[in-house]
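The data block below is target.cif; it holds mmCIF, N, CA and C atoms.
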```cif
data_data
#
loop_
_atom_site.label_atom_id
_atom_site.label_comp_id
_atom_site.auth_asym_id
_atom_site.auth_seq_id
_atom_site.Cartn_x
_atom_site.Cartn_y
_atom_site.Cartn_z
N MET D 1 14.29 65.25 -12.75
CA MET D 1 14.79 63.90 -12.92
C MET D 1 13.63 62.89 -12.83
N ALA D 2 12.71 63.10 -11.91
CA ALA D 2 11.57 62.19 -11.77
C ALA D 2 10.71 62.22 -13.02
N ALA D 3 10.53 63.40 -13.61
CA ALA D 3 9.73 63.51 -14.83
C ALA D 3 10.39 62.75 -15.98
N LEU D 4 11.72 62.83 -16.06
CA LEU D 4 12.45 62.10 -17.10
C LEU D 4 12.29 60.60 -16.92
N LYS D 5 12.41 60.12 -15.69
CA LYS D 5 12.23 58.69 -15.42
C LYS D 5 10.83 58.25 -15.80
N HIS D 6 9.85 59.09 -15.48
CA HIS D 6 8.46 58.79 -15.82
C HIS D 6 8.30 58.67 -17.33
N CYS D 7 8.83 59.63 -18.07
CA CYS D 7 8.73 59.61 -19.53
C CYS D 7 9.40 58.38 -20.12
N LEU D 8 10.59 58.05 -19.63
CA LEU D 8 11.30 56.88 -20.12
C LEU D 8 10.53 55.61 -19.84
N SER D 9 9.89 55.56 -18.68
CA SER D 9 9.07 54.40 -18.33
C SER D 9 7.91 54.26 -19.30
N VAL D 10 7.23 55.35 -19.58
CA VAL D 10 6.09 55.33 -20.51
C VAL D 10 6.57 54.93 -21.90
N ILE D 11 7.70 55.48 -22.32
CA ILE D 11 8.23 55.16 -23.65
C ILE D 11 8.58 53.68 -23.73
N ARG D 12 9.22 53.14 -22.69
CA ARG D 12 9.60 51.73 -22.69
C ARG D 12 8.38 50.83 -22.78
N VAL D 13 7.39 51.09 -21.95
CA VAL D 13 6.16 50.29 -21.97
C VAL D 13 5.47 50.45 -23.32
N SER D 14 5.40 51.68 -23.81
CA SER D 14 4.75 51.94 -25.09
C SER D 14 5.46 51.20 -26.22
N ALA D 15 6.79 51.17 -26.17
CA ALA D 15 7.54 50.47 -27.21
C ALA D 15 7.21 48.99 -27.20
N VAL D 16 7.12 48.41 -26.03
CA VAL D 16 6.76 46.99 -25.93
C VAL D 16 5.38 46.77 -26.53
N VAL D 17 4.45 47.62 -26.18
CA VAL D 17 3.09 47.48 -26.68
C VAL D 17 3.05 47.64 -28.19
N LEU D 18 3.73 48.65 -28.70
CA LEU D 18 3.72 48.89 -30.14
C LEU D 18 4.36 47.75 -30.90
N VAL D 19 5.44 47.19 -30.38
CA VAL D 19 6.06 46.04 -31.04
C VAL D 19 5.06 44.90 -31.13
N ALA D 20 4.34 44.67 -30.06
CA ALA D 20 3.35 43.58 -30.06
C ALA D 20 2.25 43.85 -31.08
N ILE D 21 1.81 45.10 -31.17
CA ILE D 21 0.74 45.43 -32.11
C ILE D 21 1.24 45.30 -33.55
N VAL D 22 2.41 45.87 -33.84
CA VAL D 22 2.97 45.78 -35.19
C VAL D 22 3.23 44.33 -35.55
N ALA D 23 3.70 43.57 -34.60
CA ALA D 23 4.01 42.17 -34.86
C ALA D 23 2.76 41.33 -35.08
N ALA D 24 1.60 41.88 -34.78
CA ALA D 24 0.36 41.14 -34.95
C ALA D 24 0.05 40.86 -36.42
N PHE D 25 0.75 41.53 -37.32
CA PHE D 25 0.57 41.23 -38.72
C PHE D 25 1.41 40.01 -39.06
N PRO D 26 0.83 39.01 -39.71
CA PRO D 26 1.57 37.78 -39.95
C PRO D 26 2.79 38.02 -40.84
N VAL D 27 3.81 37.24 -40.60
CA VAL D 27 4.99 37.27 -41.45
C VAL D 27 4.58 36.62 -42.77
N PRO D 28 4.70 37.33 -43.90
CA PRO D 28 4.13 36.85 -45.16
C PRO D 28 4.48 35.42 -45.54
N SER D 29 5.74 35.05 -45.61
CA SER D 29 6.05 33.71 -46.09
C SER D 29 5.63 32.64 -45.09
N VAL D 30 5.66 32.97 -43.81
CA VAL D 30 5.21 32.01 -42.80
C VAL D 30 3.71 31.79 -42.96
N ALA D 31 2.96 32.88 -43.10
CA ALA D 31 1.50 32.78 -43.24
C ALA D 31 1.12 32.07 -44.53
N GLN D 32 1.90 32.26 -45.59
CA GLN D 32 1.57 31.63 -46.87
C GLN D 32 1.72 30.12 -46.80
N ARG D 33 2.58 29.64 -45.94
CA ARG D 33 2.81 28.20 -45.85
C ARG D 33 1.79 27.50 -44.95
N ARG D 34 0.97 28.27 -44.28
CA ARG D 34 0.00 27.67 -43.38
C ARG D 34 -1.38 27.69 -44.02
N ASP D 35 -2.21 26.75 -43.59
CA ASP D 35 -3.58 26.82 -44.05
C ASP D 35 -4.29 27.94 -43.29
N LYS D 36 -5.49 28.25 -43.70
CA LYS D 36 -6.23 29.39 -43.11
C LYS D 36 -6.45 29.24 -41.61
N GLN D 37 -6.74 28.03 -41.16
CA GLN D 37 -6.98 27.81 -39.73
C GLN D 37 -5.73 28.11 -38.93
N LYS D 38 -4.59 27.64 -39.39
CA LYS D 38 -3.34 27.92 -38.68
C LYS D 38 -3.02 29.42 -38.70
N GLU D 39 -3.32 30.06 -39.80
CA GLU D 39 -3.08 31.51 -39.89
C GLU D 39 -3.94 32.25 -38.87
N LEU D 40 -5.20 31.87 -38.76
CA LEU D 40 -6.08 32.49 -37.77
C LEU D 40 -5.62 32.20 -36.35
N ASP D 41 -5.18 30.98 -36.10
CA ASP D 41 -4.65 30.63 -34.78
C ASP D 41 -3.43 31.48 -34.44
N PHE D 42 -2.57 31.67 -35.42
CA PHE D 42 -1.38 32.49 -35.26
C PHE D 42 -1.78 33.93 -34.89
N LEU D 43 -2.78 34.47 -35.57
CA LEU D 43 -3.24 35.83 -35.29
C LEU D 43 -3.87 35.94 -33.90
N ILE D 44 -4.61 34.93 -33.48
CA ILE D 44 -5.21 34.94 -32.14
C ILE D 44 -4.12 34.89 -31.08
N PHE D 45 -3.09 34.09 -31.32
CA PHE D 45 -1.96 34.06 -30.39
C PHE D 45 -1.32 35.45 -30.29
N LEU D 46 -1.11 36.11 -31.43
CA LEU D 46 -0.51 37.44 -31.41
C LEU D 46 -1.44 38.46 -30.76
N GLN D 47 -2.75 38.30 -30.93
CA GLN D 47 -3.71 39.18 -30.25
C GLN D 47 -3.59 39.01 -28.74
N SER D 48 -3.38 37.79 -28.30
CA SER D 48 -3.21 37.53 -26.87
C SER D 48 -1.98 38.26 -26.33
N VAL D 49 -0.88 38.17 -27.05
CA VAL D 49 0.36 38.84 -26.65
C VAL D 49 0.15 40.35 -26.63
N SER D 50 -0.47 40.86 -27.67
CA SER D 50 -0.71 42.30 -27.79
C SER D 50 -1.61 42.81 -26.66
N ALA D 51 -2.68 42.08 -26.37
CA ALA D 51 -3.60 42.50 -25.31
C ALA D 51 -2.90 42.54 -23.96
N GLN D 52 -2.07 41.55 -23.69
CA GLN D 52 -1.33 41.53 -22.42
C GLN D 52 -0.33 42.69 -22.36
N GLY D 53 0.30 42.99 -23.48
CA GLY D 53 1.23 44.12 -23.52
C GLY D 53 0.51 45.43 -23.29
N MET D 54 -0.64 45.59 -23.90
CA MET D 54 -1.42 46.81 -23.70
C MET D 54 -1.85 46.94 -22.24
N ALA D 55 -2.21 45.83 -21.63
CA ALA D 55 -2.65 45.87 -20.24
C ALA D 55 -1.56 46.42 -19.33
N ARG D 56 -0.31 46.11 -19.64
CA ARG D 56 0.79 46.64 -18.82
C ARG D 56 0.79 48.16 -18.79
N LEU D 57 0.45 48.75 -19.88
CA LEU D 57 0.38 50.21 -19.95
C LEU D 57 -0.92 50.72 -19.35
N CYS D 58 -2.01 50.13 -19.76
CA CYS D 58 -3.34 50.64 -19.40
C CYS D 58 -3.63 50.56 -17.90
N VAL D 59 -3.15 49.53 -17.23
CA VAL D 59 -3.43 49.42 -15.79
C VAL D 59 -2.79 50.57 -15.03
N ARG D 60 -1.76 51.15 -15.58
CA ARG D 60 -1.08 52.25 -14.91
C ARG D 60 -1.74 53.60 -15.17
N GLY D 61 -2.53 53.69 -16.24
CA GLY D 61 -3.10 54.98 -16.60
C GLY D 61 -4.61 55.06 -16.63
N VAL D 62 -5.30 53.95 -16.44
CA VAL D 62 -6.77 53.95 -16.48
C VAL D 62 -7.27 53.29 -15.20
N PRO D 63 -7.87 54.07 -14.31
CA PRO D 63 -8.39 53.50 -13.06
C PRO D 63 -9.39 52.37 -13.34
N GLY D 64 -9.26 51.29 -12.62
CA GLY D 64 -10.18 50.16 -12.76
C GLY D 64 -9.88 49.25 -13.93
N TYR D 65 -8.84 49.55 -14.69
CA TYR D 65 -8.54 48.76 -15.89
C TYR D 65 -8.17 47.32 -15.54
N ARG D 66 -7.38 47.13 -14.49
CA ARG D 66 -6.91 45.78 -14.14
C ARG D 66 -8.07 44.81 -13.98
N GLN D 67 -9.07 45.20 -13.21
CA GLN D 67 -10.20 44.29 -12.97
C GLN D 67 -10.96 44.02 -14.26
N ARG D 68 -11.22 45.06 -15.04
CA ARG D 68 -11.94 44.88 -16.30
C ARG D 68 -11.16 43.98 -17.25
N PHE D 69 -9.85 44.25 -17.37
CA PHE D 69 -9.02 43.46 -18.27
C PHE D 69 -8.95 42.01 -17.80
N ASP D 70 -8.66 41.81 -16.53
CA ASP D 70 -8.51 40.45 -16.01
C ASP D 70 -9.76 39.62 -16.27
N ASP D 71 -10.93 40.22 -16.04
CA ASP D 71 -12.18 39.50 -16.26
C ASP D 71 -12.35 39.15 -17.74
N LEU D 72 -12.22 40.14 -18.61
CA LEU D 72 -12.41 39.89 -20.04
C LEU D 72 -11.34 38.96 -20.61
N TYR D 73 -10.10 39.20 -20.22
CA TYR D 73 -9.03 38.38 -20.77
C TYR D 73 -9.16 36.93 -20.32
N ALA D 74 -9.53 36.71 -19.07
CA ALA D 74 -9.71 35.34 -18.58
C ALA D 74 -10.78 34.62 -19.40
N ARG D 75 -11.91 35.27 -19.62
CA ARG D 75 -12.98 34.64 -20.40
C ARG D 75 -12.57 34.46 -21.87
N TRP D 76 -11.95 35.49 -22.45
CA TRP D 76 -11.52 35.43 -23.85
C TRP D 76 -10.47 34.34 -24.04
N SER D 77 -9.46 34.31 -23.17
CA SER D 77 -8.38 33.33 -23.35
C SER D 77 -8.88 31.91 -23.09
N GLU D 78 -9.85 31.75 -22.21
CA GLU D 78 -10.43 30.42 -22.00
C GLU D 78 -11.18 29.97 -23.24
N LYS D 79 -11.96 30.86 -23.83
CA LYS D 79 -12.72 30.53 -25.04
C LYS D 79 -11.78 30.15 -26.20
N HIS D 80 -10.67 30.85 -26.29
CA HIS D 80 -9.75 30.65 -27.42
C HIS D 80 -8.48 29.88 -27.03
N ARG D 81 -8.53 29.21 -25.89
CA ARG D 81 -7.34 28.52 -25.36
C ARG D 81 -6.68 27.62 -26.39
N ASP D 82 -7.45 26.75 -27.03
CA ASP D 82 -6.87 25.81 -27.98
C ASP D 82 -6.25 26.55 -29.18
N ARG D 83 -6.92 27.58 -29.64
CA ARG D 83 -6.41 28.33 -30.79
C ARG D 83 -5.14 29.11 -30.42
N ILE D 84 -5.11 29.64 -29.20
CA ILE D 84 -3.91 30.34 -28.74
C ILE D 84 -2.74 29.36 -28.68
N MET D 85 -2.99 28.18 -28.16
CA MET D 85 -1.93 27.17 -28.07
C MET D 85 -1.46 26.74 -29.46
N GLN D 86 -2.41 26.55 -30.37
CA GLN D 86 -2.04 26.19 -31.75
C GLN D 86 -1.24 27.32 -32.40
N GLY D 87 -1.67 28.54 -32.17
CA GLY D 87 -0.97 29.70 -32.73
C GLY D 87 0.43 29.85 -32.17
N GLU D 88 0.57 29.58 -30.87
CA GLU D 88 1.91 29.63 -30.28
C GLU D 88 2.79 28.53 -30.86
N GLY D 89 2.20 27.37 -31.12
CA GLY D 89 2.95 26.30 -31.76
C GLY D 89 3.44 26.71 -33.15
N ALA D 90 2.58 27.36 -33.91
CA ALA D 90 2.98 27.85 -35.24
C ALA D 90 4.08 28.91 -35.12
N PHE D 91 3.96 29.76 -34.10
CA PHE D 91 4.98 30.78 -33.84
C PHE D 91 6.32 30.12 -33.53
N ARG D 92 6.32 29.16 -32.63
CA ARG D 92 7.56 28.46 -32.24
C ARG D 92 8.15 27.71 -33.44
N GLU D 93 7.28 27.12 -34.24
CA GLU D 93 7.74 26.42 -35.44
C GLU D 93 8.43 27.39 -36.40
N ALA D 94 7.83 28.55 -36.58
CA ALA D 94 8.42 29.56 -37.46
C ALA D 94 9.77 30.03 -36.93
N LEU D 95 9.89 30.16 -35.61
CA LEU D 95 11.17 30.56 -35.01
C LEU D 95 12.27 29.53 -35.28
N ARG D 96 11.89 28.28 -35.33
CA ARG D 96 12.88 27.21 -35.58
C ARG D 96 13.33 27.16 -37.03
N ASN D 97 12.57 27.79 -37.93
CA ASN D 97 12.90 27.78 -39.35
C ASN D 97 14.13 28.67 -39.59
N LYS D 98 15.23 28.04 -39.87
CA LYS D 98 16.50 28.77 -40.06
C LYS D 98 16.58 29.46 -41.42
N ASP D 99 15.67 29.14 -42.34
CA ASP D 99 15.74 29.67 -43.69
C ASP D 99 14.89 30.92 -43.90
N LEU D 100 14.36 31.49 -42.83
CA LEU D 100 13.55 32.69 -42.99
C LEU D 100 14.41 33.88 -43.39
N PRO D 101 13.87 34.74 -44.24
CA PRO D 101 14.60 35.98 -44.54
C PRO D 101 14.80 36.79 -43.26
N TYR D 102 15.83 37.61 -43.25
CA TYR D 102 16.21 38.38 -42.07
C TYR D 102 15.04 39.19 -41.51
N ALA D 103 14.31 39.91 -42.36
CA ALA D 103 13.22 40.78 -41.88
C ALA D 103 12.13 39.97 -41.17
N GLU D 104 11.83 38.81 -41.69
CA GLU D 104 10.80 37.97 -41.07
C GLU D 104 11.28 37.42 -39.74
N ARG D 105 12.52 36.96 -39.70
CA ARG D 105 13.09 36.45 -38.45
C ARG D 105 13.12 37.55 -37.41
N GLU D 106 13.47 38.77 -37.83
CA GLU D 106 13.54 39.90 -36.90
C GLU D 106 12.17 40.18 -36.28
N LYS D 107 11.10 40.12 -37.05
CA LYS D 107 9.75 40.32 -36.51
C LYS D 107 9.41 39.26 -35.47
N LEU D 108 9.72 38.01 -35.81
CA LEU D 108 9.43 36.93 -34.87
C LEU D 108 10.24 37.07 -33.60
N GLU D 109 11.48 37.49 -33.72
CA GLU D 109 12.32 37.66 -32.55
C GLU D 109 11.84 38.83 -31.68
N ARG D 110 11.28 39.86 -32.30
CA ARG D 110 10.70 40.96 -31.51
C ARG D 110 9.50 40.48 -30.71
N VAL D 111 8.68 39.66 -31.33
CA VAL D 111 7.53 39.09 -30.60
C VAL D 111 8.04 38.22 -29.46
N GLU D 112 9.06 37.44 -29.72
CA GLU D 112 9.64 36.59 -28.68
C GLU D 112 10.15 37.43 -27.51
N LYS D 113 10.74 38.57 -27.81
CA LYS D 113 11.23 39.47 -26.76
C LYS D 113 10.08 40.03 -25.92
N VAL D 114 8.98 40.39 -26.58
CA VAL D 114 7.81 40.89 -25.86
C VAL D 114 7.26 39.79 -24.94
N ILE D 115 7.20 38.57 -25.44
CA ILE D 115 6.71 37.45 -24.63
C ILE D 115 7.59 37.27 -23.40
N ALA D 116 8.89 37.38 -23.58
CA ALA D 116 9.82 37.24 -22.45
C ALA D 116 9.60 38.37 -21.44
N GLU D 117 9.38 39.58 -21.91
CA GLU D 117 9.14 40.70 -21.00
C GLU D 117 7.83 40.52 -20.23
N LEU D 118 6.82 39.98 -20.91
CA LEU D 118 5.54 39.75 -20.24
C LEU D 118 5.64 38.67 -19.16
N ALA D 119 6.63 37.80 -19.29
CA ALA D 119 6.81 36.73 -18.31
C ALA D 119 7.49 37.22 -17.03
N THR D 120 7.97 38.46 -17.03
CA THR D 120 8.62 39.03 -15.85
C THR D 120 7.74 40.11 -15.25
N SER D 121 8.00 40.43 -14.02
CA SER D 121 7.26 41.52 -13.37
C SER D 121 7.67 42.84 -13.99
N PRO D 122 6.71 43.75 -14.17
CA PRO D 122 7.06 45.05 -14.75
C PRO D 122 8.00 45.81 -13.83
N VAL D 123 8.92 46.55 -14.43
CA VAL D 123 9.88 47.34 -13.67
C VAL D 123 9.17 48.50 -12.99
N GLN D 124 8.32 49.18 -13.73
CA GLN D 124 7.57 50.32 -13.21
C GLN D 124 6.11 49.91 -13.04
N THR D 125 5.52 50.27 -11.90
CA THR D 125 4.12 49.92 -11.67
C THR D 125 3.29 51.11 -11.19
N GLY D 126 3.91 52.23 -10.96
CA GLY D 126 3.20 53.39 -10.45
C GLY D 126 2.28 53.99 -11.50
N PRO D 127 1.35 54.82 -11.05
CA PRO D 127 0.40 55.43 -11.99
C PRO D 127 1.10 56.39 -12.96
N ILE D 128 0.53 56.48 -14.15
CA ILE D 128 1.01 57.40 -15.17
C ILE D 128 -0.19 58.13 -15.76
N ALA D 129 0.08 59.25 -16.41
CA ALA D 129 -0.98 60.00 -17.09
C ALA D 129 -0.99 59.58 -18.56
N LEU D 130 -2.13 59.11 -19.02
CA LEU D 130 -2.28 58.76 -20.43
C LEU D 130 -3.13 59.82 -21.11
N ASP D 131 -2.78 60.18 -22.32
CA ASP D 131 -3.61 61.14 -23.05
C ASP D 131 -4.84 60.41 -23.60
N ASP D 132 -5.74 61.17 -24.18
CA ASP D 132 -7.00 60.60 -24.69
C ASP D 132 -6.78 59.53 -25.75
N GLN D 133 -5.77 59.72 -26.57
CA GLN D 133 -5.50 58.74 -27.63
C GLN D 133 -5.10 57.39 -27.03
N TRP D 134 -4.23 57.39 -26.02
CA TRP D 134 -3.83 56.14 -25.39
C TRP D 134 -4.99 55.52 -24.62
N ARG D 135 -5.80 56.36 -23.97
CA ARG D 135 -6.99 55.84 -23.27
C ARG D 135 -7.93 55.14 -24.26
N ALA D 136 -8.06 55.72 -25.45
CA ALA D 136 -8.91 55.12 -26.48
C ALA D 136 -8.36 53.77 -26.92
N VAL D 137 -7.05 53.66 -27.04
CA VAL D 137 -6.43 52.38 -27.40
C VAL D 137 -6.69 51.35 -26.30
N CYS D 138 -6.61 51.79 -25.06
CA CYS D 138 -6.88 50.88 -23.94
C CYS D 138 -8.32 50.37 -24.01
N GLU D 139 -9.25 51.26 -24.25
CA GLU D 139 -10.65 50.86 -24.35
C GLU D 139 -10.90 49.96 -25.55
N GLU D 140 -10.20 50.24 -26.64
CA GLU D 140 -10.34 49.41 -27.84
C GLU D 140 -9.86 47.98 -27.58
N THR D 141 -8.81 47.85 -26.80
CA THR D 141 -8.30 46.53 -26.45
C THR D 141 -9.37 45.74 -25.69
N LEU D 142 -10.02 46.41 -24.73
CA LEU D 142 -11.09 45.73 -24.01
C LEU D 142 -12.26 45.38 -24.92
N SER D 143 -12.60 46.29 -25.83
CA SER D 143 -13.68 46.02 -26.78
C SER D 143 -13.38 44.83 -27.68
N ASP D 144 -12.12 44.75 -28.13
CA ASP D 144 -11.72 43.63 -28.98
C ASP D 144 -11.87 42.30 -28.24
N LEU D 145 -11.46 42.29 -26.97
CA LEU D 145 -11.61 41.06 -26.18
C LEU D 145 -13.09 40.72 -26.00
N GLU D 146 -13.90 41.73 -25.68
CA GLU D 146 -15.32 41.50 -25.47
C GLU D 146 -16.01 41.02 -26.75
N ASN D 147 -15.61 41.59 -27.88
CA ASN D 147 -16.19 41.17 -29.16
C ASN D 147 -15.81 39.74 -29.52
N GLY D 148 -14.71 39.26 -28.95
CA GLY D 148 -14.27 37.89 -29.23
C GLY D 148 -14.89 36.84 -28.33
N LEU D 149 -15.81 37.27 -27.46
CA LEU D 149 -16.46 36.30 -26.56
C LEU D 149 -17.64 35.63 -27.22
#
```

The structure in this file should be written as structure tokens.
Amino acid sequence: MAALKHCLSVIRVSAVVLVAIVAAFPVPSVAQRRDKQKELDFLIFLQSVSAQGMARLCVRGVPGYRQRFDDLYARWSEKHRDRIMQGEGAFREALRNKDLPYAEREKLERVEKVIAELATSPVQTGPIALDDQWRAVCEETLSDLENGL
């Protein structure tokens, strides 16, 4: 039973992370209506959401990840603070658009759900075993933040 709970916990966290990563691709009609700067701001905002989602998983499976992530994310988010805020504004504006096709609205709503989950304390916080592929994704997230400094 404990193994099943552990697997479900990993799957739930992984699903949140994957939704954030998949959602990082701009919604086509929304992106087409924005100028390039707004589109880039939107992508930086989604990168912020994705990085935070990945951290929820990685801190449980990679020793020392929390400190490394917190340091890099704090510096990265400070550097890109204005762009993240602008991107979130574009995201909120797109959510208010009632004329979006269903598929586009669904993507935005999934991102909104991830944001809401990130605003709450994680249900599971105990250590988990990550395979090499997930560890590589965790390291890539840190590299992406570092490259953005």

(message) Between D:Glu93, D:Cys58, D:Asp41, D:Glu117, which residue has the minimum interatomic distance to D:Arg135, considering only N, CA and C atoms?
(response) D:Cys58

(request) Find the residues near D:Phe45: any atom within 6 Å, counting only C-alpha atoms, skip ones fewer than 6 places away on the same chain, and give them as a PyMOL selection string. (result) chain D and resi 84+87-88

(message) I'd like the interatomic distance between atom CA of D:Arg75 and atom CA of D:Asn147, to a tenth of an Å.
(response)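 The value is 11.4 Å.
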
Using the chain letters and numbers from the file, which residues does the PyMOL selection byres ((chain D and resi 121-126) around 7) grab, as a PDB file with N, CA and C atoms, keeping the file's coordinate frame?
```pdb
ATOM      1  N   SER D   9       9.890  55.560 -18.680  1.00  0.00           N
ATOM      2  CA  SER D   9       9.070  54.400 -18.330  1.00  0.00           C
ATOM      3  C   SER D   9       7.910  54.260 -19.300  1.00  0.00           C
ATOM      4  N   ARG D  60      -1.760  51.150 -15.580  1.00  0.00           N
ATOM      5  CA  ARG D  60      -1.080  52.250 -14.910  1.00  0.00           C
ATOM      6  C   ARG D  60      -1.740  53.600 -15.170  1.00  0.00           C
ATOM      7  N   GLY D  61      -2.530  53.690 -16.240  1.00  0.00           N
ATOM      8  CA  GLY D  61      -3.100  54.980 -16.600  1.00  0.00           C
ATOM      9  C   GLY D  61      -4.610  55.060 -16.630  1.00  0.00           C
ATOM     10  N   GLU D 117       9.380  39.580 -21.910  1.00  0.00           N
ATOM     11  CA  GLU D 117       9.140  40.700 -21.000  1.00  0.00           C
ATOM     12  C   GLU D 117       7.830  40.520 -20.230  1.00  0.00           C
ATOM     13  N   LEU D 118       6.820  39.980 -20.910  1.00  0.00           N
ATOM     14  CA  LEU D 118       5.540  39.750 -20.240  1.00  0.00           C
ATOM     15  C   LEU D 118       5.640  38.670 -19.160  1.00  0.00           C
ATOM     16  N   ALA D 119       6.630  37.800 -19.290  1.00  0.00           N
ATOM     17  CA  ALA D 119       6.810  36.730 -18.310  1.00  0.00           C
ATOM     18  C   ALA D 119       7.490  37.220 -17.030  1.00  0.00           C
ATOM     19  N   THR D 120       7.970  38.460 -17.030  1.00  0.00           N
ATOM     20  CA  THR D 120       8.620  39.030 -15.850  1.00  0.00           C
ATOM     21  C   THR D 120       7.740  40.110 -15.250  1.00  0.00           C
ATOM     22  N   PRO D 127       1.350  54.820 -11.050  1.00  0.00           N
ATOM     23  CA  PRO D 127       0.400  55.430 -11.990  1.00  0.00           C
ATOM     24  C   PRO D 127       1.100  56.390 -12.960  1.00  0.00           C
ATOM     25  N   ILE D 128       0.530  56.480 -14.150  1.00  0.00           N
ATOM     26  CA  ILE D 128       1.010  57.400 -15.170  1.00  0.00           C
ATOM     27  C   ILE D 128      -0.190  58.130 -15.760  1.00  0.00           C
TER      28      ILE D 128
END
```

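Atom pair atom CA of D:Glu112 / atom CA of D:Ala129 has a distance of 28.2 Å (rounded to one decimal).
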
(message) So the first atom is atom C of D:Ser143 and the second is atom N of D:Ala94; what is the distance between them in Å, to one decimal place?
(response) 28.2 Å

(request) Quick one: pick out all alpha helix (DSSP H) residues within stretch 58-120 of chain D from a backbone DSSP run and write them as a PyMOL selection string. (result) chain D and resi 58-61+65-79+81-96+102-118

(message) For the PyMOL selection byres (((chain D and resi 145 and name CA) around 12) and name CA), applied here, can you spell out every residue it catches as a PyMOL selection string?
(response) chain D and resi 44+47-48+50-52+54-55+68-80+138-144+146-149

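Taking all atoms listed in the file into account, D:Gln37 lies nearest to D:Gln86 out of the set D:Lys107, D:Pro101, D:Leu130, D:Gln86.
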